[in-house]
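S.K.: Provided below: input-v3.txt, containing compact mmCIF, N, CA and C atoms.
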# COMPACT_ATOMS: atom_id res chain seq x y z
N MET A 1 -61.88 169.50 -25.24
CA MET A 1 -62.93 170.46 -25.46
C MET A 1 -63.84 170.46 -24.23
N ALA A 2 -64.07 171.62 -23.68
CA ALA A 2 -64.95 171.76 -22.52
C ALA A 2 -66.34 172.19 -22.96
N ILE A 3 -67.34 171.64 -22.32
CA ILE A 3 -68.70 172.06 -22.61
C ILE A 3 -68.93 173.38 -21.91
N ARG A 4 -69.40 174.37 -22.65
CA ARG A 4 -69.60 175.69 -22.05
C ARG A 4 -71.05 176.08 -21.93
N GLU A 5 -71.95 175.28 -22.47
CA GLU A 5 -73.36 175.62 -22.36
C GLU A 5 -74.19 174.35 -22.46
N VAL A 6 -75.19 174.25 -21.60
CA VAL A 6 -76.18 173.18 -21.70
C VAL A 6 -77.54 173.85 -21.76
N GLU A 7 -78.33 173.48 -22.74
CA GLU A 7 -79.61 174.14 -22.95
C GLU A 7 -80.69 173.09 -23.14
N PHE A 8 -81.82 173.27 -22.43
CA PHE A 8 -82.96 172.40 -22.60
C PHE A 8 -84.05 173.19 -23.30
N LYS A 9 -84.64 172.62 -24.35
CA LYS A 9 -85.67 173.31 -25.12
C LYS A 9 -86.88 172.42 -25.31
N GLY A 10 -87.95 173.05 -25.72
CA GLY A 10 -89.16 172.30 -26.04
C GLY A 10 -89.74 171.67 -24.80
N GLY A 11 -90.17 170.45 -24.90
CA GLY A 11 -90.76 169.72 -23.79
C GLY A 11 -89.72 169.16 -22.85
N GLY A 12 -88.50 169.63 -22.94
CA GLY A 12 -87.46 169.14 -22.06
C GLY A 12 -86.81 167.87 -22.56
N THR A 13 -86.95 167.59 -23.86
CA THR A 13 -86.39 166.34 -24.37
C THR A 13 -85.23 166.56 -25.33
N ALA A 14 -84.89 167.80 -25.63
CA ALA A 14 -83.75 168.07 -26.51
C ALA A 14 -82.62 168.66 -25.69
N LEU A 15 -81.42 168.21 -25.93
CA LEU A 15 -80.24 168.68 -25.22
C LEU A 15 -79.27 169.26 -26.23
N LYS A 16 -78.84 170.48 -25.99
CA LYS A 16 -77.90 171.14 -26.90
C LYS A 16 -76.60 171.33 -26.14
N LEU A 17 -75.50 170.83 -26.67
CA LEU A 17 -74.19 170.96 -26.06
C LEU A 17 -73.31 171.81 -26.96
N ILE A 18 -72.67 172.81 -26.36
CA ILE A 18 -71.79 173.68 -27.12
C ILE A 18 -70.42 173.66 -26.46
N GLY A 19 -69.39 173.41 -27.20
CA GLY A 19 -68.03 173.39 -26.67
C GLY A 19 -67.07 173.85 -27.75
N GLY A 20 -66.24 174.84 -27.42
CA GLY A 20 -65.33 175.37 -28.42
C GLY A 20 -66.10 175.89 -29.61
N SER A 21 -65.71 175.48 -30.80
CA SER A 21 -66.44 175.92 -32.00
C SER A 21 -67.40 174.83 -32.48
N TYR A 22 -67.62 173.81 -31.67
CA TYR A 22 -68.50 172.71 -32.05
C TYR A 22 -69.84 172.82 -31.34
N GLU A 23 -70.86 172.41 -32.02
CA GLU A 23 -72.19 172.41 -31.44
C GLU A 23 -72.86 171.11 -31.82
N GLY A 24 -73.47 170.47 -30.83
CA GLY A 24 -74.17 169.22 -31.11
C GLY A 24 -75.53 169.23 -30.46
N LYS A 25 -76.49 168.62 -31.11
CA LYS A 25 -77.82 168.50 -30.55
C LYS A 25 -78.13 167.02 -30.39
N LEU A 26 -78.77 166.68 -29.31
CA LEU A 26 -79.04 165.31 -28.99
C LEU A 26 -80.44 165.21 -28.41
N SER A 27 -81.24 164.32 -28.94
CA SER A 27 -82.56 164.08 -28.37
C SER A 27 -82.45 162.91 -27.40
N ILE A 28 -82.91 163.11 -26.19
CA ILE A 28 -82.82 162.07 -25.18
C ILE A 28 -84.12 161.97 -24.41
N ASP A 29 -84.33 160.84 -23.79
CA ASP A 29 -85.45 160.65 -22.90
C ASP A 29 -84.97 161.00 -21.50
N ILE A 30 -85.50 162.08 -20.92
CA ILE A 30 -84.99 162.54 -19.64
C ILE A 30 -85.90 162.17 -18.48
N ASP A 31 -86.84 161.26 -18.69
CA ASP A 31 -87.67 160.81 -17.58
C ASP A 31 -86.78 160.19 -16.51
N GLY A 32 -87.03 160.53 -15.27
CA GLY A 32 -86.26 159.99 -14.16
C GLY A 32 -85.08 160.85 -13.74
N PHE A 33 -84.68 161.82 -14.56
CA PHE A 33 -83.62 162.73 -14.17
C PHE A 33 -84.16 163.74 -13.17
N LYS A 34 -83.32 164.17 -12.23
CA LYS A 34 -83.72 165.21 -11.28
C LYS A 34 -83.12 166.54 -11.74
N PHE A 35 -83.96 167.55 -11.86
CA PHE A 35 -83.49 168.87 -12.23
C PHE A 35 -83.75 169.82 -11.07
N HIS A 36 -82.77 170.62 -10.73
CA HIS A 36 -82.90 171.56 -9.64
C HIS A 36 -82.87 172.98 -10.20
N ASN A 37 -83.59 173.86 -9.53
CA ASN A 37 -83.56 175.27 -9.92
C ASN A 37 -82.15 175.79 -9.73
N SER A 38 -81.79 176.74 -10.54
CA SER A 38 -80.50 177.40 -10.37
C SER A 38 -80.61 178.37 -9.21
N VAL A 39 -79.78 178.17 -8.20
CA VAL A 39 -79.82 179.01 -7.01
C VAL A 39 -78.44 179.57 -6.77
N ALA A 40 -78.35 180.87 -6.69
CA ALA A 40 -77.08 181.50 -6.39
C ALA A 40 -76.71 181.24 -4.95
N GLN A 41 -75.43 181.23 -4.65
CA GLN A 41 -74.95 180.93 -3.31
C GLN A 41 -75.53 181.90 -2.28
N ASN A 42 -75.81 183.11 -2.67
CA ASN A 42 -76.29 184.12 -1.72
C ASN A 42 -77.80 184.11 -1.54
N ASP A 43 -78.51 183.26 -2.26
CA ASP A 43 -79.97 183.24 -2.17
C ASP A 43 -80.43 182.65 -0.84
N ILE A 44 -81.33 183.34 -0.17
CA ILE A 44 -82.02 182.82 1.00
C ILE A 44 -83.48 182.76 0.62
N ILE A 45 -84.04 181.56 0.65
CA ILE A 45 -85.43 181.35 0.27
C ILE A 45 -86.31 181.65 1.47
N GLU A 46 -87.27 182.57 1.29
CA GLU A 46 -88.16 182.95 2.39
C GLU A 46 -89.44 182.13 2.33
N LEU A 47 -89.82 181.57 3.48
CA LEU A 47 -90.99 180.70 3.58
C LEU A 47 -91.90 181.11 4.73
N LEU A 48 -93.14 180.70 4.64
CA LEU A 48 -94.09 180.79 5.73
C LEU A 48 -94.35 179.36 6.22
N PRO A 49 -94.92 179.19 7.42
CA PRO A 49 -95.16 177.84 7.94
C PRO A 49 -95.93 176.93 7.00
N VAL A 50 -96.85 177.47 6.23
CA VAL A 50 -97.64 176.66 5.30
C VAL A 50 -96.76 175.97 4.25
N ASN A 51 -95.55 176.51 4.00
CA ASN A 51 -94.63 175.95 3.01
C ASN A 51 -93.66 174.94 3.61
N CYS A 52 -93.84 174.57 4.88
CA CYS A 52 -92.84 173.76 5.58
C CYS A 52 -93.28 172.33 5.87
N SER A 53 -94.38 171.91 5.30
CA SER A 53 -94.84 170.54 5.51
C SER A 53 -95.20 169.90 4.18
N PRO A 54 -94.30 169.71 3.28
CA PRO A 54 -92.85 169.78 3.40
C PRO A 54 -92.24 171.01 2.70
N VAL A 55 -90.95 171.24 2.99
CA VAL A 55 -90.15 172.24 2.27
C VAL A 55 -89.64 171.57 1.00
N ASP A 56 -89.65 172.29 -0.10
CA ASP A 56 -89.12 171.77 -1.36
C ASP A 56 -87.64 172.11 -1.45
N ALA A 57 -86.78 171.13 -1.22
CA ALA A 57 -85.33 171.35 -1.21
C ALA A 57 -84.77 171.72 -2.58
N ARG A 58 -85.56 171.56 -3.64
CA ARG A 58 -85.08 171.96 -4.96
C ARG A 58 -84.95 173.47 -5.08
N LEU A 59 -85.56 174.20 -4.15
CA LEU A 59 -85.48 175.67 -4.18
C LEU A 59 -84.12 176.19 -3.75
N GLY A 60 -83.39 175.44 -2.95
CA GLY A 60 -82.09 175.89 -2.46
C GLY A 60 -81.72 175.14 -1.20
N ASN A 61 -80.75 175.69 -0.45
CA ASN A 61 -80.35 175.02 0.78
C ASN A 61 -80.30 175.95 1.99
N ILE A 62 -80.64 177.23 1.80
CA ILE A 62 -80.72 178.16 2.93
C ILE A 62 -82.10 178.80 2.91
N PHE A 63 -82.81 178.65 4.03
CA PHE A 63 -84.19 179.10 4.10
C PHE A 63 -84.40 179.99 5.34
N LYS A 64 -85.24 180.99 5.19
CA LYS A 64 -85.66 181.82 6.31
C LYS A 64 -87.16 181.60 6.46
N VAL A 65 -87.57 181.10 7.65
CA VAL A 65 -88.96 180.79 7.90
C VAL A 65 -89.51 181.80 8.90
N SER A 66 -90.49 182.59 8.47
CA SER A 66 -91.15 183.55 9.36
C SER A 66 -92.25 182.80 10.10
N LEU A 67 -92.06 182.61 11.40
CA LEU A 67 -93.00 181.84 12.20
C LEU A 67 -94.22 182.68 12.56
N THR A 68 -95.16 182.74 11.64
CA THR A 68 -96.43 183.43 11.88
C THR A 68 -97.44 182.48 12.53
N SER A 69 -97.12 181.19 12.54
CA SER A 69 -97.90 180.17 13.23
C SER A 69 -96.95 179.00 13.51
N SER A 70 -97.39 178.08 14.35
CA SER A 70 -96.57 176.90 14.66
C SER A 70 -96.56 175.94 13.48
N ILE A 71 -95.53 175.11 13.42
CA ILE A 71 -95.41 174.10 12.37
C ILE A 71 -95.50 172.73 13.04
N THR A 72 -96.50 171.95 12.67
CA THR A 72 -96.75 170.69 13.37
C THR A 72 -96.01 169.49 12.78
N ASN A 73 -95.55 169.55 11.54
CA ASN A 73 -94.84 168.41 10.95
C ASN A 73 -93.82 168.91 9.94
N PHE A 74 -92.78 169.56 10.42
CA PHE A 74 -91.74 170.09 9.54
C PHE A 74 -91.08 168.93 8.81
N ASP A 75 -90.98 169.05 7.49
CA ASP A 75 -90.38 167.99 6.69
C ASP A 75 -89.73 168.62 5.45
N ILE A 76 -88.85 167.87 4.80
CA ILE A 76 -88.16 168.33 3.60
C ILE A 76 -88.31 167.27 2.52
N ASP A 77 -88.76 167.67 1.34
CA ASP A 77 -88.87 166.78 0.19
C ASP A 77 -87.77 167.10 -0.82
N TYR A 78 -87.42 166.11 -1.63
CA TYR A 78 -86.47 166.25 -2.74
C TYR A 78 -85.07 166.63 -2.26
N ALA A 79 -84.69 166.21 -1.07
CA ALA A 79 -83.37 166.56 -0.54
C ALA A 79 -82.30 165.62 -1.09
N ASP A 80 -81.21 166.19 -1.50
CA ASP A 80 -80.03 165.43 -1.89
C ASP A 80 -79.10 165.36 -0.69
N VAL A 81 -78.05 164.58 -0.80
CA VAL A 81 -77.03 164.57 0.24
C VAL A 81 -76.45 165.97 0.32
N GLY A 82 -76.38 166.53 1.51
CA GLY A 82 -75.84 167.87 1.66
C GLY A 82 -76.33 168.53 2.94
N THR A 83 -76.09 169.82 3.03
CA THR A 83 -76.42 170.60 4.21
C THR A 83 -77.55 171.57 3.89
N TYR A 84 -78.48 171.67 4.81
CA TYR A 84 -79.61 172.60 4.69
C TYR A 84 -79.66 173.44 5.95
N ILE A 85 -79.81 174.75 5.78
CA ILE A 85 -79.82 175.68 6.91
C ILE A 85 -81.16 176.40 6.95
N PHE A 86 -81.74 176.45 8.14
CA PHE A 86 -83.02 177.12 8.34
C PHE A 86 -82.89 178.18 9.41
N ILE A 87 -83.32 179.38 9.07
CA ILE A 87 -83.35 180.51 10.00
C ILE A 87 -84.82 180.70 10.37
N PHE A 88 -85.17 180.34 11.60
CA PHE A 88 -86.55 180.48 12.07
C PHE A 88 -86.67 181.79 12.83
N VAL A 89 -87.59 182.66 12.39
CA VAL A 89 -87.76 183.98 13.00
C VAL A 89 -89.17 184.07 13.58
N GLN A 90 -89.25 184.26 14.90
CA GLN A 90 -90.56 184.43 15.54
C GLN A 90 -91.21 185.73 15.08
N ASP A 91 -92.53 185.73 15.02
CA ASP A 91 -93.23 186.96 14.67
C ASP A 91 -93.28 187.90 15.87
N SER A 92 -94.09 188.93 15.81
CA SER A 92 -94.11 189.96 16.85
C SER A 92 -94.70 189.48 18.18
N THR A 93 -95.34 188.30 18.18
CA THR A 93 -95.86 187.78 19.45
C THR A 93 -94.99 186.67 20.03
N GLY A 94 -94.22 185.95 19.20
CA GLY A 94 -93.33 184.90 19.68
C GLY A 94 -94.09 183.65 20.10
N GLY A 95 -93.35 182.69 20.65
CA GLY A 95 -93.94 181.48 21.19
C GLY A 95 -94.39 180.43 20.20
N LYS A 96 -94.11 180.60 18.92
CA LYS A 96 -94.49 179.60 17.91
C LYS A 96 -93.55 178.40 18.03
N THR A 97 -94.08 177.21 17.82
CA THR A 97 -93.29 175.99 17.96
C THR A 97 -93.10 175.30 16.61
N VAL A 98 -92.12 174.40 16.56
CA VAL A 98 -91.86 173.60 15.37
C VAL A 98 -91.64 172.16 15.82
N SER A 99 -92.41 171.24 15.27
CA SER A 99 -92.16 169.82 15.51
C SER A 99 -91.68 169.22 14.19
N PHE A 100 -90.79 168.24 14.30
CA PHE A 100 -90.11 167.70 13.13
C PHE A 100 -90.60 166.28 12.80
N ALA A 101 -90.53 165.93 11.53
CA ALA A 101 -90.93 164.60 11.06
C ALA A 101 -90.03 163.53 11.68
N ASP A 102 -90.42 162.28 11.52
CA ASP A 102 -89.73 161.15 12.17
C ASP A 102 -88.30 160.91 11.68
N ASN A 103 -87.95 161.40 10.51
CA ASN A 103 -86.60 161.15 9.99
C ASN A 103 -85.63 162.30 10.30
N PHE A 104 -85.96 163.10 11.33
CA PHE A 104 -85.08 164.17 11.80
C PHE A 104 -84.50 163.75 13.15
N TYR A 105 -83.18 163.83 13.26
CA TYR A 105 -82.48 163.39 14.47
C TYR A 105 -81.67 164.55 15.03
N PHE A 106 -81.65 164.63 16.36
CA PHE A 106 -80.89 165.67 17.05
C PHE A 106 -79.99 165.03 18.09
N ILE A 107 -79.05 165.78 18.63
CA ILE A 107 -78.06 165.28 19.58
C ILE A 107 -78.75 164.66 20.80
N SER A 108 -78.32 163.46 21.15
CA SER A 108 -78.88 162.75 22.30
C SER A 108 -78.72 163.61 23.56
N GLY A 109 -79.77 163.68 24.33
CA GLY A 109 -79.74 164.48 25.56
C GLY A 109 -80.23 165.90 25.35
N LEU A 110 -80.10 166.41 24.13
CA LEU A 110 -80.60 167.75 23.84
C LEU A 110 -81.95 167.71 23.16
N GLY A 111 -82.12 166.76 22.26
CA GLY A 111 -83.37 166.66 21.52
C GLY A 111 -83.55 167.80 20.54
N ALA A 112 -84.76 167.89 20.02
CA ALA A 112 -85.09 168.93 19.05
C ALA A 112 -85.13 170.29 19.73
N PRO A 113 -84.91 171.35 18.97
CA PRO A 113 -84.99 172.69 19.57
C PRO A 113 -86.40 173.00 20.05
N ASP A 114 -86.49 173.70 21.16
CA ASP A 114 -87.78 174.09 21.73
C ASP A 114 -87.92 175.60 21.59
N PHE A 115 -88.81 176.02 20.70
CA PHE A 115 -89.00 177.45 20.44
C PHE A 115 -90.13 178.04 21.27
N SER A 116 -90.80 177.24 22.08
CA SER A 116 -92.03 177.69 22.74
C SER A 116 -91.83 178.89 23.67
N GLY A 117 -90.66 179.03 24.26
CA GLY A 117 -90.41 180.14 25.16
C GLY A 117 -89.82 181.37 24.50
N ASP A 118 -89.71 181.33 23.18
CA ASP A 118 -89.09 182.44 22.46
C ASP A 118 -89.98 183.68 22.49
N SER A 119 -89.36 184.81 22.71
CA SER A 119 -90.11 186.06 22.68
C SER A 119 -90.20 186.58 21.24
N SER A 120 -90.83 187.71 21.07
CA SER A 120 -91.04 188.27 19.74
C SER A 120 -89.72 188.50 19.02
N ASN A 121 -89.73 188.22 17.74
CA ASN A 121 -88.62 188.45 16.83
C ASN A 121 -87.35 187.67 17.14
N THR A 122 -87.42 186.67 18.01
CA THR A 122 -86.27 185.82 18.31
C THR A 122 -85.90 185.00 17.08
N ILE A 123 -84.61 184.78 16.89
CA ILE A 123 -84.10 184.04 15.74
C ILE A 123 -83.41 182.77 16.21
N ASN A 124 -83.74 181.64 15.58
CA ASN A 124 -83.10 180.35 15.84
C ASN A 124 -82.58 179.80 14.53
N ILE A 125 -81.38 179.26 14.55
CA ILE A 125 -80.78 178.71 13.34
C ILE A 125 -80.62 177.20 13.53
N VAL A 126 -81.18 176.43 12.60
CA VAL A 126 -81.11 174.97 12.65
C VAL A 126 -80.46 174.50 11.36
N SER A 127 -79.40 173.70 11.49
CA SER A 127 -78.69 173.15 10.33
C SER A 127 -78.88 171.65 10.29
N PHE A 128 -79.06 171.12 9.08
CA PHE A 128 -79.24 169.69 8.91
C PHE A 128 -78.23 169.15 7.93
N LEU A 129 -77.66 168.01 8.24
CA LEU A 129 -76.86 167.23 7.30
C LEU A 129 -77.76 166.10 6.83
N CYS A 130 -77.97 166.02 5.54
CA CYS A 130 -78.85 164.99 4.97
C CYS A 130 -77.99 163.90 4.33
N ASP A 131 -78.32 162.65 4.65
CA ASP A 131 -77.62 161.52 4.03
C ASP A 131 -78.38 160.98 2.83
N GLY A 132 -79.38 161.73 2.39
CA GLY A 132 -80.22 161.31 1.28
C GLY A 132 -81.56 160.78 1.75
N GLN A 133 -81.66 160.49 3.05
CA GLN A 133 -82.89 159.93 3.59
C GLN A 133 -83.23 160.53 4.95
N ASN A 134 -82.22 160.69 5.80
CA ASN A 134 -82.40 161.21 7.16
C ASN A 134 -81.72 162.56 7.30
N PHE A 135 -82.18 163.34 8.30
CA PHE A 135 -81.64 164.67 8.56
C PHE A 135 -81.10 164.71 9.98
N TYR A 136 -79.83 165.09 10.11
CA TYR A 136 -79.17 165.15 11.40
C TYR A 136 -78.95 166.63 11.74
N GLY A 137 -79.60 167.08 12.82
CA GLY A 137 -79.65 168.51 13.08
C GLY A 137 -78.87 168.99 14.29
N THR A 138 -78.37 170.19 14.16
CA THR A 138 -77.79 170.95 15.27
C THR A 138 -78.42 172.33 15.21
N TYR A 139 -78.35 173.05 16.33
CA TYR A 139 -79.01 174.35 16.34
C TYR A 139 -78.35 175.32 17.29
N MET A 140 -78.61 176.59 17.00
CA MET A 140 -78.22 177.72 17.85
C MET A 140 -79.48 178.52 18.08
N GLN A 141 -79.72 178.91 19.34
CA GLN A 141 -81.00 179.54 19.66
C GLN A 141 -80.83 180.90 20.29
N ASP A 142 -81.95 181.64 20.23
CA ASP A 142 -82.15 182.88 20.97
C ASP A 142 -81.28 184.04 20.51
N PHE A 143 -81.12 184.18 19.20
CA PHE A 143 -80.48 185.38 18.69
C PHE A 143 -81.51 186.51 18.79
N VAL A 144 -81.10 187.67 19.22
CA VAL A 144 -81.99 188.81 19.29
C VAL A 144 -81.30 190.01 18.66
N ASN A 145 -82.10 190.88 18.11
CA ASN A 145 -81.60 192.11 17.52
C ASN A 145 -81.91 193.23 18.49
N SER A 146 -80.89 193.63 19.26
CA SER A 146 -81.15 194.65 20.30
C SER A 146 -80.89 196.04 19.82
In structure tokens, what does this structure look like?

M.R.:
Amino acid sequence: MAIREVEFKGGGTALKLIGGSYEGKLSIDIDGFKFHNSVAQNDIIELLPVNCSPVDARLGNIFKVSLTSSITNFDIDYADVGTYIFIFVQDSTGGKTVSFADNFYFISGLGAPDFSGDSSNTINIVSFLCDGQNFYGTYMQDFVNS
């Protein structure tokens, strides 16, 4: 029998399992469990710099950040092991910068991406592999829409 529905009701302490023609209800203590929002694969979460210190990874794993100001301590909270992709888009004046928290690592010799010379509307894509604690980043820079 396969479970075809999981439902949380009330204060989040009742669990209803439905499988085949059987239905069971179970009361459990769910303190300590991590629950993530349901995010469709095609969802891109749009953020402003104020939402990036830290970013809430429970929202999804693909983010578009409109750089209306610089970000002085980019960080991610609630990250699970996995990949997170950020599309940084400069505003109409460009030149906004992003500095990353201490647990972000980039390729030796290249370092973190430098957005300071970006012109208006420039797009930079930064991908991170998270091991549950640290973020290992690679990036592609200077996409323009001509």

S.K.: For atom C of Ser69 in chain A and atom C of Ile85 in chain A, determine how far apart the two atoms are, in Å to one decimal place.

M.R.: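 Answer for the atom C of Ser69 in chain A to atom C of Ile85 in chain A separation: 17.3 Å.
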
S.K.: List the neighbours of Ile107 in chain A out to 12 Å using only C-alpha atoms; skip same-chain residues closer than 6 positions along the sequence, and give me the result as a ChimeraX atom specification.

M.R.: /A:113,128,135-139

S.K.: Between A:Asp102, A:Thr68, A:Leu48, A:Cys130, which has the minimum distance to Val81 in chain A (counting all atoms listed in the file)?

M.R.: A:Cys130

S.K.: May I have the residues within 7 Å of Pro54 in chain A as a list in words, using all atoms listed in the file and disregarding those fewer than 2 positions away in the same chain?

M.R.: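 Returned residues: Val50, Asn51, Cys52, Asp56, Ala57, Asn73, Phe74, Asp75, Ile76 and Asp77 of chain A.
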
S.K.: Pick from A:Ile45, A:Met140, A:Leu67, A:Ile125: nearest to Val89 in chain A, with all atoms listed in the file counted?

M.R.: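 Ranking A:Ile45, A:Met140, A:Leu67, A:Ile125 by distance to Val89 in chain A, first place goes to A:Leu67.
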
S.K.: Just the number, please: distance in Å from atom N of Gly132 in chain A to atom C of Asp80 in chain A, one decimal.

M.R.: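 Between atom N of Gly132 in chain A and atom C of Asp80 in chain A the gap works out to 4.8 Å.
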
S.K.: Excluding Ile71 in chain A and its own-chain neighbours fewer than 5 positions away, which residues fall within 7 Å of it when counting only C-alpha atoms? Please give them as a VMD selection string.

M.R.: chain A and resid 49 97 to 99

S.K.: Kindly indicate which residue among A:Ser70, A:Gly60, A:Lys96, A:Ile87 lies nearest to Asp114 in chain A, using only N, CA and C atoms for the distances.

M.R.: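 Checking each candidate against Asp114 in chain A, we get A:Lys96 as the closest.
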
S.K.: Using Å and a single decimal, report how far CA of Leu47 in chain A sits from CA of Phe115 in chain A.

M.R.: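 Separating CA of Phe115 in chain A from CA of Leu47 in chain A is a distance of 17.3 Å.
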
S.K.: From the set A:Arg58, A:Asn134, A:Asp43, A:Leu129, which residue has the shortest atom-to-atom contact distance to Phe104 in chain A, counting all atoms listed in the file?

M.R.: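 Looking only at the distances to Phe104 in chain A, the closest residue turns out to be A:Asn134.
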
S.K.: Taking all atoms listed in the file into account, name the residue in A:Tyr84, A:Phe143, A:Thr72, A:Asn61 that is nearest to Val126 in chain A.

M.R.: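 When distances to Val126 in chain A are compared using all atoms listed in the file, the smallest one comes from A:Tyr84.
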
S.K.: At most 7 Å from (-87.6, 187.7, 13.9), file frame, all atoms listed in the file: which residues, as number ranges by chain?

M.R.: A: 88-92, 120-123

S.K.: As a list in words, which residues of range 67-101 of chain A does DSSP assign to strand (DSSP E or B)?

M.R.: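 Strand (DSSP E or B) assignments inside range 67-101 of chain A correspond to Leu67, Ile71, Thr72, Asn73, Phe74, Ile76, Asp77, Gly82, Thr83, Tyr84, Ile85, Phe86, Ile87, Phe88, Val89, Gln90, Val98, Ser99 and Phe100 of chain A.
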